[in-house]
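Everything on this sheet refers to the single structure shown next.
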Amino acid sequence: MPQRSAPSAPRSGLPLYLATAFLARVADEGTSVAVALLALQRAGSASQGAFVLTAWMAPHVVAAPLVGALVTRARRPRLCYLGALSGFAAAVAALSLLVGRAPAPVTLAVALAGGACGPVVSGGLSSLIAELLPAGARRDRAYALDAAVYGAASVAGPAAVGALAAMASPGAATMFLGGAAAVAAVLAAGLPHGRARRGAAAASPGTLRADLAAGLRAVRHTRELRAITAGTCLAFVGIGGLTTTAVLLAGHRGHPEAGGALMTAFAVGALLGSLAVARWRPPLPDQRLVTLALCGTGLALAAAALVTSPSAGVALFVLAGLCDGPLLTATFRIRAAYAPPGTRAQVFTLGAGLKITAAACGAALAGAAAVLPPPLLLLAVAAVQLGAALLYTLVRPRTGTPGGSPDTAKGTGTRPVPSTSR
């Protein structure tokens, strides 16, 4: 009598998730470049593009808690992700038609609507990993791969826009980004997170207002979450101004075309750093990895401000990115480990929304300080990274044993027990 084969282990859905996240983030990363090119081509000025991008980023900090609470409460969270990503895709596609053609209030309203869906792309998707995989080494590696997806998208998005704009037009490039986001929405519908979330929806009988307050309270009162949010937000004030600073620095040294190369080098370094953490888990607790990553990024950028060789500058920007890549991985794992039950989506979306807002402030500060010598500006960006490391160290708890894997903290605000699987 033939033996019945043992049932196969359930699929985690991680490959499908990574494809979904990559396409959505390619659209997100490429939009800023595409909108600027559209404004230049159709209006002859980048000012309208700047206003559209401000409207695109502004809703993040307000919409992030709401998006997280809605996802947490939903009995069918798959529909929430499908709806948000579809709205995101529709807004990008609409901008390809409206920028430089439609009245400014109409264009800005569409950008605000699309930006309100942004927290799903920037943070909400990452919160799914804890539902796709159990705590342990596989989930740790998944967070590193998710961080690598961010790095890959930050390289691929602007590159695809530049290539398509040159071959066809900025409008075609923007429409391509909308198509990528639409495919991400379709893929998100197939993610197996519905089964994992049935209990979570039932366990959230409170009002939407109570759920919003719970997410904010988790970030405010859980010291590890408060520390990582404060530290990364301060760091992103510097990172937000890095693009402007890199362009100014390249022009200051007689190579204006090298500004894009510097930022590409930083993005490639961040991608390599994330992949390295996914392949070889550093023998460090995540809290220490955050501090070292911030310090390494700051020191590399400070050195880049002092050297005059273009090749050395590019190499140092790669090194800065290598240090920045593991920071995102550690941030994901800390959020997952210390988010109280039922607040994980809020914690991820709120943290991402605050970081994007901080980056927008950094970009504005860099523009206001553009009259200063570019090496001094880059030194300021580096100092902000070192200040972020200090802030994180001062805010986070200093008792107990550092480290731990996701879900071991149970939201208590104390540090989890170190995981032997790492």
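Identifiers in the structure tokens: chain A, B, ... in order shown; residue index from 1 per chain; ligand index from 1 in order shown.
The environment of A:Gly215 within 6 Å, counting only C-alpha atoms and disregarding residues fewer than 5 places along the same chain, consists of Thr343, Gln346 and Val347 of chain A.
Nearest residue to A:Gly87, choosing from A:Ala36, A:Val110, A:Ala250, A:Met167 and counting only C-alpha atoms: A:Val110.
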>> I'd like the neighbourhood of A:Ala24 as a ChimeraX atom specification, where a residue qualifies if any of its atoms comes within 7 Å (using only C-alpha atoms), though same-chain residues fewer than 2 positions away should be ignored.
In response: /A:20-22,26-28,121,180-181,184
>> as a PyMOL selection string, please: every residue in stretch 5-209 of chain A that a backbone DSSP assignment puts in alpha helix (DSSP H).
In response: chain A and resi 14-43+47-57+60-73+77-98+104-119+129-132+137-167+170-188+193-202+208-209
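Here the question is which of A:Val186, A:Thr107, A:Gly171, A:Ala39 gets nearest to A:Ser86 using only C-alpha atoms, and that residue is A:Val186.
Atom pair atom CA of A:Leu390 / atom CA of A:Thr243: separated by 23.7 Å.
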